[in-house]
file work.cif (mmCIF, C-alpha atoms)
data_protein
loop_
_atom_site.label_atom_id
_atom_site.label_comp_id
_atom_site.auth_asym_id
_atom_site.auth_seq_id
_atom_site.Cartn_x
_atom_site.Cartn_y
_atom_site.Cartn_z
CA MET A 1431 3.05 22.64 15.48
CA LEU A 1432 1.43 21.60 12.19
CA TRP A 1433 3.53 18.45 11.97
CA TYR A 1434 2.71 17.49 15.54
CA LYS A 1435 -1.02 18.08 15.01
CA SER A 1436 -0.94 15.94 11.84
CA TRP A 1437 0.86 13.20 13.76
CA LEU A 1438 -1.74 13.29 16.54
CA ASP A 1439 -4.53 12.98 13.99
CA THR A 1440 -3.08 9.86 12.36
CA ARG A 1441 -0.90 8.22 15.00
CA TRP A 1442 -3.29 5.41 16.01
CA ARG A 1443 -4.00 4.41 12.44
CA PHE A 1444 -0.27 4.38 11.79
CA LEU A 1445 0.74 2.48 14.94
CA ILE A 1446 -2.00 -0.14 14.56
CA GLY A 1447 -1.07 -0.63 10.92
CA LEU A 1448 2.62 -0.94 11.72
CA GLY A 1449 1.96 -3.51 14.43
CA LEU A 1450 -0.34 -5.62 12.24
CA LEU A 1451 1.99 -5.57 9.25
CA MET A 1452 4.99 -6.57 11.37
CA ILE A 1453 3.01 -9.51 12.76
CA VAL A 1454 1.97 -10.60 9.27
CA ALA A 1455 5.55 -10.25 8.02
CA CYS A 1456 6.78 -12.54 10.78
CA GLY A 1457 3.95 -14.93 9.99
CA THR A 1458 5.24 -15.17 6.42
CA LEU A 1459 8.32 -16.96 7.73
CA PHE A 1460 6.24 -19.57 9.54
CA ASP A 1461 4.04 -19.97 6.47
CA TYR A 1462 7.11 -20.81 4.41
CA VAL A 1463 8.17 -23.52 6.84
CA ALA A 1464 4.71 -25.09 6.66
CA THR A 1465 4.53 -24.72 2.87
CA ARG A 1466 7.93 -26.35 2.40
CA GLN A 1467 6.75 -29.40 4.33
CA LEU A 1468 3.62 -29.69 2.15
CA MET A 1469 5.40 -29.05 -1.15
CA PRO A 1470 5.96 -32.77 -1.96
CA LEU A 1471 2.16 -33.15 -2.07
CA ALA A 1472 1.74 -30.31 -4.54
CA GLY A 1473 2.45 -32.55 -7.51
CA SER A 1474 -0.75 -34.48 -6.89
CA ILE A 1475 -2.93 -31.41 -7.56
CA ASN A 1476 -4.79 -31.86 -10.82
CA ALA A 1477 -6.60 -28.64 -11.65
CA THR A 1478 -7.52 -27.43 -15.11
CA GLY A 1479 -8.50 -24.15 -16.70
CA GLU A 1480 -7.40 -20.67 -15.66
CA ILE A 1481 -7.66 -21.53 -11.97
CA GLY A 1482 -5.46 -24.58 -12.45
CA ARG A 1483 -2.90 -22.53 -14.33
CA ARG A 1484 -2.71 -19.99 -11.52
CA ILE A 1485 -2.41 -22.69 -8.87
CA LYS A 1486 0.45 -24.36 -10.75
CA GLU A 1487 2.17 -21.02 -11.26
CA ALA A 1488 1.92 -20.26 -7.54
CA ILE A 1489 3.31 -23.68 -6.65
CA GLU A 1490 6.30 -23.18 -8.93
CA LEU A 1491 6.98 -19.73 -7.49
CA GLU A 1492 6.79 -21.01 -3.92
CA ARG A 1493 9.38 -23.72 -4.49
CA GLU A 1494 12.02 -21.03 -4.02
CA TYR A 1495 12.15 -18.79 -0.96
CA ARG A 1496 12.45 -15.59 -2.99
CA GLY A 1497 9.37 -16.53 -5.01
CA PHE A 1498 7.42 -17.43 -1.88
CA VAL A 1499 8.21 -14.09 -0.23
CA TRP A 1500 7.28 -12.12 -3.33
CA LEU A 1501 4.01 -13.99 -3.89
CA GLN A 1502 2.78 -14.14 -0.30
CA TRP A 1503 4.12 -10.87 1.05
CA PHE A 1504 4.63 -8.30 -1.69
CA ARG A 1505 1.98 -9.38 -4.20
CA GLN A 1506 -0.70 -10.38 -1.72
CA ASN A 1507 -0.48 -9.42 1.96
CA LEU A 1508 1.46 -6.16 1.77
CA SER A 1509 -0.28 -4.95 -1.39
CA GLN A 1510 -3.72 -5.59 0.08
CA MET A 1511 -3.10 -4.37 3.62
CA GLY A 1512 -0.86 -1.55 2.42
CA THR A 1513 -3.65 -0.26 0.19
CA LEU A 1514 -6.09 -0.35 3.08
CA PHE A 1515 -3.82 1.60 5.42
CA ALA A 1516 -2.90 4.07 2.68
CA VAL A 1517 -6.60 4.84 2.36
CA LEU A 1518 -7.01 5.03 6.13
CA LEU A 1519 -4.12 7.47 6.46
CA GLY A 1520 -5.48 9.62 3.64
CA SER A 1521 -9.05 9.69 4.93
CA GLY A 1522 -10.31 11.98 7.68
CA GLY A 1523 -8.30 15.01 6.64
CA LEU A 1524 -8.54 18.68 7.47
CA LEU A 1525 -12.30 18.91 6.97
CA SER A 1526 -13.29 15.84 8.94
CA ARG A 1527 -16.06 16.43 11.48
CA ALA A 1528 -14.66 13.47 13.43
CA SER A 1529 -11.87 15.70 14.71
CA GLY A 1530 -14.36 17.98 16.48
CA GLY A 1531 -13.04 21.52 16.58
CA GLY A 1532 -9.55 20.46 15.56
CA ALA A 1533 -10.19 21.04 11.87
CA LEU A 1534 -11.36 24.63 12.36
CA TYR A 1535 -8.52 25.22 14.79
CA MET A 1536 -5.93 24.17 12.21
CA LEU A 1537 -7.58 26.31 9.53
CA SER A 1538 -7.41 29.31 11.89
CA LEU A 1539 -3.65 29.00 12.40
CA PRO A 1540 -1.38 31.64 10.80
CA ALA A 1541 -0.43 29.36 7.91
CA SER A 1542 -1.65 29.12 4.35
CA ARG A 1543 -4.06 26.39 3.40
CA ASN A 1544 -1.52 25.10 0.93
CA ARG A 1545 0.92 24.60 3.78
CA LEU A 1546 -1.71 22.95 5.96
CA ALA A 1547 -2.58 20.50 3.20
CA GLY A 1548 1.08 19.94 2.35
CA VAL A 1549 2.05 19.11 5.93
CA ARG A 1550 -0.94 16.79 6.35
CA ALA A 1551 -0.17 14.97 3.09
CA ALA A 1552 3.57 14.75 3.81
CA THR A 1553 2.90 13.31 7.28
CA GLY A 1554 0.57 10.65 5.90
CA LEU A 1555 2.95 9.70 3.09
CA ALA A 1556 5.87 9.47 5.51
CA GLU A 1557 3.83 7.16 7.73
CA PHE A 1558 2.82 5.09 4.71
CA LEU A 1559 6.48 4.76 3.71
CA VAL A 1560 7.37 3.45 7.16
CA LEU A 1561 4.44 1.00 7.00
CA VAL A 1562 5.70 -0.65 3.81
CA VAL A 1563 9.46 -0.51 4.48
CA VAL A 1564 9.89 -1.50 8.13
CA PRO A 1565 7.85 -4.76 8.06
CA SER A 1566 9.51 -5.72 4.76
CA LEU A 1567 12.97 -5.31 6.30
CA LEU A 1568 12.02 -7.90 8.93
CA LEU A 1569 12.17 -10.56 6.21
CA PRO A 1570 15.91 -10.28 5.42
CA LEU A 1571 16.64 -9.78 9.12
CA LEU A 1572 14.69 -12.82 10.36
CA SER A 1573 15.08 -15.22 7.42
CA PRO A 1574 18.29 -16.77 8.82
CA ALA A 1575 16.16 -18.04 11.74
CA ILE A 1576 14.55 -20.54 9.33
CA GLY A 1577 17.75 -21.24 7.40
CA GLN A 1578 17.01 -18.90 4.48
CA ARG A 1579 18.40 -15.68 3.02
CA TYR A 1580 16.52 -12.77 1.51
CA SER A 1581 18.14 -9.75 -0.10
CA ILE A 1582 17.79 -6.39 1.61
CA VAL A 1583 18.00 -4.78 -1.83
CA ASP A 1584 15.02 -6.81 -3.03
CA ALA A 1585 13.05 -5.84 0.07
CA LEU A 1586 13.80 -2.15 -0.46
CA VAL A 1587 13.04 -2.21 -4.20
CA HIS A 1588 9.71 -3.98 -3.75
CA SER A 1589 8.82 -1.68 -0.85
CA GLY A 1590 9.69 1.35 -2.97
CA CYS A 1591 7.47 0.17 -5.82
CA LEU A 1592 4.62 -0.44 -3.41
CA PHE A 1593 5.02 2.97 -1.80
CA VAL A 1594 5.14 4.91 -5.07
CA ALA A 1595 2.15 3.13 -6.61
CA GLY A 1596 0.20 2.83 -3.36
CA ALA A 1597 0.54 6.57 -2.76
CA ALA A 1598 -2.10 7.01 -5.46
CA PHE A 1599 -4.70 5.45 -3.14
CA PHE A 1600 -3.58 7.71 -0.30
CA SER A 1601 -3.86 10.72 -2.60
CA LEU A 1602 -7.32 9.67 -3.77
CA ALA A 1603 -8.57 9.35 -0.19
CA PHE A 1604 -6.93 12.68 0.66
CA LEU A 1605 -8.71 14.39 -2.23
CA LEU A 1606 -12.05 12.87 -1.27
CA SER A 1607 -11.50 14.08 2.30
CA THR A 1608 -11.54 17.66 1.00
CA VAL A 1609 -14.90 16.98 -0.65
CA PHE A 1610 -16.73 15.18 2.17
CA GLY A 1611 -16.79 16.27 5.80
CA ASP A 1612 -16.96 12.76 7.28
CA PRO A 1613 -14.18 10.13 7.22
CA TRP A 1614 -16.38 7.27 6.01
CA ARG A 1615 -17.30 8.30 2.48
CA PRO A 1616 -13.67 8.98 1.43
CA LEU A 1617 -12.67 5.64 2.99
CA LEU A 1618 -15.43 3.64 1.32
CA LEU A 1619 -15.12 5.31 -2.09
CA ALA A 1620 -11.34 4.89 -2.21
CA CYS A 1621 -11.65 1.24 -1.14
CA PHE A 1622 -14.29 0.70 -3.84
CA VAL A 1623 -11.92 2.09 -6.48
CA ALA A 1624 -9.13 -0.17 -5.22
CA LEU A 1625 -11.39 -3.23 -5.32
CA ALA A 1626 -12.60 -2.36 -8.81
CA LEU A 1627 -9.04 -2.04 -10.09
CA ALA A 1628 -8.00 -5.29 -8.41
CA ALA A 1629 -11.00 -7.11 -9.92
CA SER A 1630 -10.19 -5.70 -13.36
CA GLU A 1631 -6.61 -6.93 -13.16
CA ALA A 1632 -7.80 -10.38 -12.07
CA THR A 1633 -10.53 -10.85 -14.67
CA ILE A 1634 -9.55 -8.89 -17.80
CA GLN A 1635 -6.93 -10.81 -19.72
CA GLY A 1636 -3.85 -8.75 -20.47
CA PHE A 1637 -4.92 -5.83 -18.26
CA SER A 1638 -2.90 -7.02 -15.28
CA ARG A 1639 0.37 -6.08 -16.96
CA PHE A 1640 -0.70 -2.43 -16.94
CA GLY A 1641 -2.54 -2.37 -13.62
CA ILE A 1642 -1.53 -0.46 -10.53
CA PHE A 1643 -1.26 -3.60 -8.40
CA HIS A 1644 1.15 -5.04 -10.96
CA VAL A 1645 3.35 -2.01 -10.34
CA MET A 1646 2.88 -2.18 -6.57
CA SER A 1647 4.08 -5.77 -6.38
CA GLY A 1648 7.20 -5.04 -8.44
CA GLU A 1649 6.53 -8.07 -10.63
CA VAL A 1650 8.71 -6.76 -13.46
CA TYR A 1651 11.64 -6.45 -11.05
CA PHE A 1652 10.99 -9.89 -9.60
CA ARG A 1653 10.91 -11.61 -12.99
CA ASN A 1654 13.35 -9.53 -15.03
CA GLY A 1655 15.39 -7.51 -12.54
CA GLN A 1656 14.14 -4.23 -14.05
CA LEU A 1657 12.16 -1.47 -12.43
CA PRO A 1658 8.68 -0.70 -13.85
CA TRP A 1659 9.66 2.87 -14.69
CA LEU A 1660 6.63 3.63 -16.83
CA GLY A 1661 4.21 2.43 -14.16
CA LEU A 1662 6.07 4.28 -11.42
CA LEU A 1663 6.08 7.53 -13.39
CA ALA A 1664 2.40 7.14 -14.25
CA THR A 1665 1.31 6.52 -10.66
CA THR A 1666 3.52 9.37 -9.43
CA ALA A 1667 1.81 11.70 -11.91
CA VAL A 1668 -1.62 10.49 -10.76
CA SER A 1669 -0.71 11.02 -7.09
CA ALA A 1670 0.63 14.52 -7.81
CA ALA A 1671 -2.53 15.45 -9.72
CA LEU A 1672 -4.79 14.17 -6.94
CA LEU A 1673 -2.83 16.01 -4.24
CA TYR A 1674 -2.85 19.18 -6.29
CA GLY A 1675 -6.60 18.85 -6.73
CA ALA A 1676 -7.00 18.39 -2.98
CA THR A 1677 -4.93 21.50 -2.29
CA ARG A 1678 -6.89 23.62 -4.76
CA ASN A 1679 -10.20 22.31 -3.47
CA LEU A 1680 -9.26 23.19 0.09
CA ALA A 1681 -8.01 26.64 -0.88
CA ARG A 1682 -11.24 27.75 -2.56
CA GLN A 1683 -13.65 26.55 0.13
CA ASP A 1684 -15.30 29.06 2.42
CA PHE A 1685 -15.39 28.35 6.18
#
call {"tool": "encode", "arguments": {"input": "work.cif", "output": "C-alpha cells"}}
result
Amino acid sequence: MLWYKSWLDTRWRFLIGLGLLMIVACGTLFDYVATRQLMPLAGSINATGEIGRRIKEAIELEREYRGFVWLQWFRQNLSQMGTLFAVLLGSGGLLSRASGGGALYMLSLPASRNRLAGVRAATGLAEFLVLVVVPSLLLPLLSPAIGQRYSIVDALVHSGCLFVAGAAFFSLAFLLSTVFGDPWRPLLLACFVALALAASEATIQGFSRFGIFHVMSGEVYFRNGQLPWLGLLATTAVSAALLYGATRNLARQDF
C-alpha cells in the first residue's frame, strides 16, 4: 500500500525523466557521428587562456569514442539532467499540499512515520537509480549501430558513481520537503545549491577535484581506472545524514 502510494505520487516525474534521458542517450550516438566528421577541422581552432585550454582538452577527449561518451553523456548531460530529476523526485514529499488530502491520508495509516518516510525515500531512490542506469546501458547496446564499442562495465561504474553522489541532491530535496509544505521551495532551493556547487567547481581552481560533480562523473575512474572511494563515502554520509534529518523532522511535527 505504502509503496504503491509512493509510486503514484512520483510516477509521472519518473516516466518523463526516463523517456527524456533515453532520447538524449540515443542522441549522443548521433552527436558522435557528426563530431567525428568535424574533427579534422578541430586543429584550426586557435583559442588561448583557460577557455582555450578547456576546448583543446575536450577535443582531445572526443577523438576517442570512450572519451566522447564520458564527456558528453556522463560529465555533462546525465550529470546535469540526473541532478534535476533527483531533485524533482525528492521534492513534493509527504507534507506537500499539492497532493491534496493524500498527505494526511498517508499520515493517518497504521504505520510509523519513520516507515512512511523510509518507503517514500526508498521509492524515489530506486526510481533515480533506474533513471541513471537504464539510459546509460543504451550506449553499449546501440554503439555497434555506428561501428563503435562501449563497455557495459564502464557504463555501470559511471552510473553507480552518479547515483551515489547524485543521491545527495535527492536527499536534500527530501529534507526540504519536510520543512516546506509546497513542492516549489524545496525544488528551487535544492537546484540553487546544485548550481552553486557546479559554479564553484567551474571557477575555483583546484576545487573541482573535490567537488560532488567530479565524483558524479566518475572522472577518477575514467582517467585512472580507480573508483573515487573517498568521494563516494563522503556523499553517502551526506545523503544518510540528510535522510535521517528528514525522518526526525517528520516524526516531531504535529498534524
call {"tool": "resolve_selection", "arguments": {"input": "work.cif", "expression": "the PyMOL selection byres ((chain A and resi 1568-1583) around 10)", "output": "number ranges by chain"}}
result
A: 1452-1453, 1455-1456, 1458-1460, 1462-1463, 1495-1496, 1499, 1503, 1563-1567, 1584-1589
call {"tool": "resolve_selection", "arguments": {"input": "work.cif", "expression": "the PyMOL selection byres ((chain A and resi 1513) around 9)", "output": "list in words"}}
result
Leu1508, Ser1509, Gln1510, Met1511, Gly1512, Leu1514, Phe1515, Ala1516, Val1517, Leu1518, Gly1596, Ala1597, Phe1599, Phe1600, Cys1621 and Ala1624 of chain A
call {"tool": "residues_near_point", "arguments": {"input": "work.cif", "point": "(-0.6, 12.5, 6.7)", "cutoff": "8 Å", "atoms": "all atoms listed in the file", "output": "list in words"}}
result
Ser1436, Trp1437, Thr1440, Leu1519, Gly1520, Val1549, Arg1550, Ala1551, Ala1552, Thr1553, Gly1554, Leu1555, Ala1556 and Glu1557 of chain A
call {"tool": "write_last_selection", "arguments": {"input": "work.cif", "atoms": "C-alpha atoms", "output": "PDB file, in the frame of the given file"}}
result
ATOM      1  CA  SER A1436      -0.940  15.940  11.840  1.00  0.00           C
ATOM      2  CA  TRP A1437       0.860  13.200  13.760  1.00  0.00           C
ATOM      3  CA  THR A1440      -3.080   9.860  12.360  1.00  0.00           C
ATOM      4  CA  LEU A1519      -4.120   7.470   6.460  1.00  0.00           C
ATOM      5  CA  GLY A1520      -5.480   9.620   3.640  1.00  0.00           C
ATOM      6  CA  VAL A1549       2.050  19.110   5.930  1.00  0.00           C
ATOM      7  CA  ARG A1550      -0.940  16.790   6.350  1.00  0.00           C
ATOM      8  CA  ALA A1551      -0.170  14.970   3.090  1.00  0.00           C
ATOM      9  CA  ALA A1552       3.570  14.750   3.810  1.00  0.00           C
ATOM     10  CA  THR A1553       2.900  13.310   7.280  1.00  0.00           C
ATOM     11  CA  GLY A1554       0.570  10.650   5.900  1.00  0.00           C
ATOM     12  CA  LEU A1555       2.950   9.700   3.090  1.00  0.00           C
ATOM     13  CA  ALA A1556       5.870   9.470   5.510  1.00  0.00           C
ATOM     14  CA  GLU A1557       3.830   7.160   7.730  1.00  0.00           C
TER      15      GLU A1557
END
call {"tool": "atom_distance", "arguments": {"input": "work.cif", "atom1": "CA of Gly1548 in chain A", "atom2": "CA of Trp1433 in chain A"}}
result
10.0 Å
call {"tool": "residues_around", "arguments": {"input": "work.cif", "residues": "Glu1649 in chain A", "least_positions_apart": "4", "cutoff": "9 Å", "atoms": "all atoms listed in the file", "output": "list in words"}}
result
Trp1500, Arg1505, His1588, His1644, Val1645, Arg1653, Asn1654, Leu1657 and Pro1658 of chain A
call {"tool": "resolve_selection", "arguments": {"input": "work.cif", "expression": "the PyMOL selection byres ((chain A and resi 1676) around 8)", "output": "number ranges by chain"}}
result
A: 1547, 1604-1606, 1608, 1672-1675, 1677-1680
call {"tool": "atom_distance", "arguments": {"input": "work.cif", "atom1": "CA of Gly1661 in chain A", "atom2": "CA of Arg1639 in chain A"}}
result
9.7 Å
call {"tool": "atom_distance", "arguments": {"input": "work.cif", "atom1": "CA of Asn1544 in chain A", "atom2": "CA of Ala1681 in chain A"}}
result
6.9 Å
call {"tool": "closest_residue", "arguments": {"input": "work.cif", "among": "A:Ser1607, A:Ser1521, A:Ser1647, A:Ser1542", "to": "Val1594 in chain A", "atoms": "all atoms listed in the file"}}
result
A:Ser1647
call {"tool": "closest_residue", "arguments": {"input": "work.cif", "among": "A:Leu1491, A:Leu1445, A:Ala1664, A:Leu1602", "to": "Phe1622 in chain A", "atoms": "only C-alpha atoms"}}
result
A:Leu1602
call {"tool": "closest_residue", "arguments": {"input": "work.cif", "among": "A:Cys1591, A:Ala1620, A:Ala1671, A:Leu1451", "to": "Tyr1651 in chain A", "atoms": "only C-alpha atoms"}}
result
A:Cys1591
call {"tool": "decode", "arguments": {"input": "work.cif", "residues": "range 1645-1670 of chain A", "atoms": "N, CA and C atoms", "output": "CSV table (one decimal), in the first residue's frame"}}
result
chain,number,residue,atom,x,y,z
A,1645,VAL,N,32.8,13.7,-8.6
A,1645,VAL,CA,32.5,12.3,-8.1
A,1645,VAL,C,31.4,11.7,-9.0
A,1646,MET,N,30.4,12.5,-9.3
A,1646,MET,CA,29.2,12.0,-10.1
A,1646,MET,C,29.7,11.6,-11.5
A,1647,SER,N,30.6,12.3,-12.1
A,1647,SER,CA,31.0,11.9,-13.4
A,1647,SER,C,32.0,10.7,-13.5
A,1648,GLY,N,32.5,10.3,-12.3
A,1648,GLY,CA,33.5,9.2,-12.3
A,1648,GLY,C,34.7,9.5,-13.0
A,1649,GLU,N,35.2,10.8,-12.9
A,1649,GLU,CA,36.4,11.2,-13.7
A,1649,GLU,C,37.6,10.4,-13.3
A,1650,VAL,N,37.8,10.1,-12.0
A,1650,VAL,CA,38.9,9.3,-11.5
A,1650,VAL,C,38.9,8.0,-12.2
A,1651,TYR,N,37.8,7.3,-12.3
A,1651,TYR,CA,37.7,6.0,-12.9
A,1651,TYR,C,38.0,6.1,-14.4
A,1652,PHE,N,37.5,7.2,-15.0
A,1652,PHE,CA,37.8,7.4,-16.5
A,1652,PHE,C,39.2,7.5,-16.8
A,1653,ARG,N,39.9,8.3,-15.9
A,1653,ARG,CA,41.3,8.6,-16.2
A,1653,ARG,C,42.3,7.6,-15.7
A,1654,ASN,N,42.0,7.0,-14.5
A,1654,ASN,CA,42.9,6.2,-13.8
A,1654,ASN,C,42.4,4.7,-13.6
A,1655,GLY,N,41.2,4.5,-13.9
A,1655,GLY,CA,40.6,3.1,-13.7
A,1655,GLY,C,40.4,2.8,-12.2
A,1656,GLN,N,40.3,3.9,-11.4
A,1656,GLN,CA,40.1,3.7,-9.9
A,1656,GLN,C,38.8,4.4,-9.5
A,1657,LEU,N,38.1,3.8,-8.6
A,1657,LEU,CA,36.9,4.4,-8.1
A,1657,LEU,C,37.2,5.5,-7.1
A,1658,PRO,N,36.4,6.5,-7.1
A,1658,PRO,CA,36.6,7.7,-6.1
A,1658,PRO,C,36.0,7.3,-4.8
A,1659,TRP,N,36.7,6.4,-4.1
A,1659,TRP,CA,36.1,5.9,-2.8
A,1659,TRP,C,35.8,6.9,-1.8
A,1660,LEU,N,36.8,7.9,-1.6
A,1660,LEU,CA,36.6,8.9,-0.6
A,1660,LEU,C,35.4,9.8,-0.9
A,1661,GLY,N,35.2,10.2,-2.2
A,1661,GLY,CA,34.1,11.0,-2.6
A,1661,GLY,C,32.8,10.2,-2.5
A,1662,LEU,N,32.8,8.9,-2.8
A,1662,LEU,CA,31.6,8.1,-2.7
A,1662,LEU,C,31.2,7.9,-1.2
A,1663,LEU,N,32.1,7.7,-0.4
A,1663,LEU,CA,31.8,7.6,1.1
A,1663,LEU,C,31.3,8.9,1.6
A,1664,ALA,N,31.9,10.0,1.2
A,1664,ALA,CA,31.5,11.3,1.7
A,1664,ALA,C,30.1,11.6,1.3
A,1665,THR,N,29.8,11.4,0.1
A,1665,THR,CA,28.4,11.7,-0.4
A,1665,THR,C,27.4,10.8,0.2
A,1666,THR,N,27.8,9.5,0.4
A,1666,THR,CA,26.9,8.6,1.1
A,1666,THR,C,26.6,9.0,2.5
A,1667,ALA,N,27.6,9.5,3.2
A,1667,ALA,CA,27.4,10.0,4.6
A,1667,ALA,C,26.5,11.2,4.6
A,1668,VAL,N,26.7,12.1,3.6
A,1668,VAL,CA,25.8,13.3,3.5
A,1668,VAL,C,24.4,12.9,3.2
A,1669,SER,N,24.2,12.0,2.3
A,1669,SER,CA,22.8,11.6,2.0
A,1669,SER,C,22.2,10.9,3.2
A,1670,ALA,N,22.9,10.1,3.9
A,1670,ALA,CA,22.3,9.4,5.1
A,1670,ALA,C,22.0,10.5,6.2
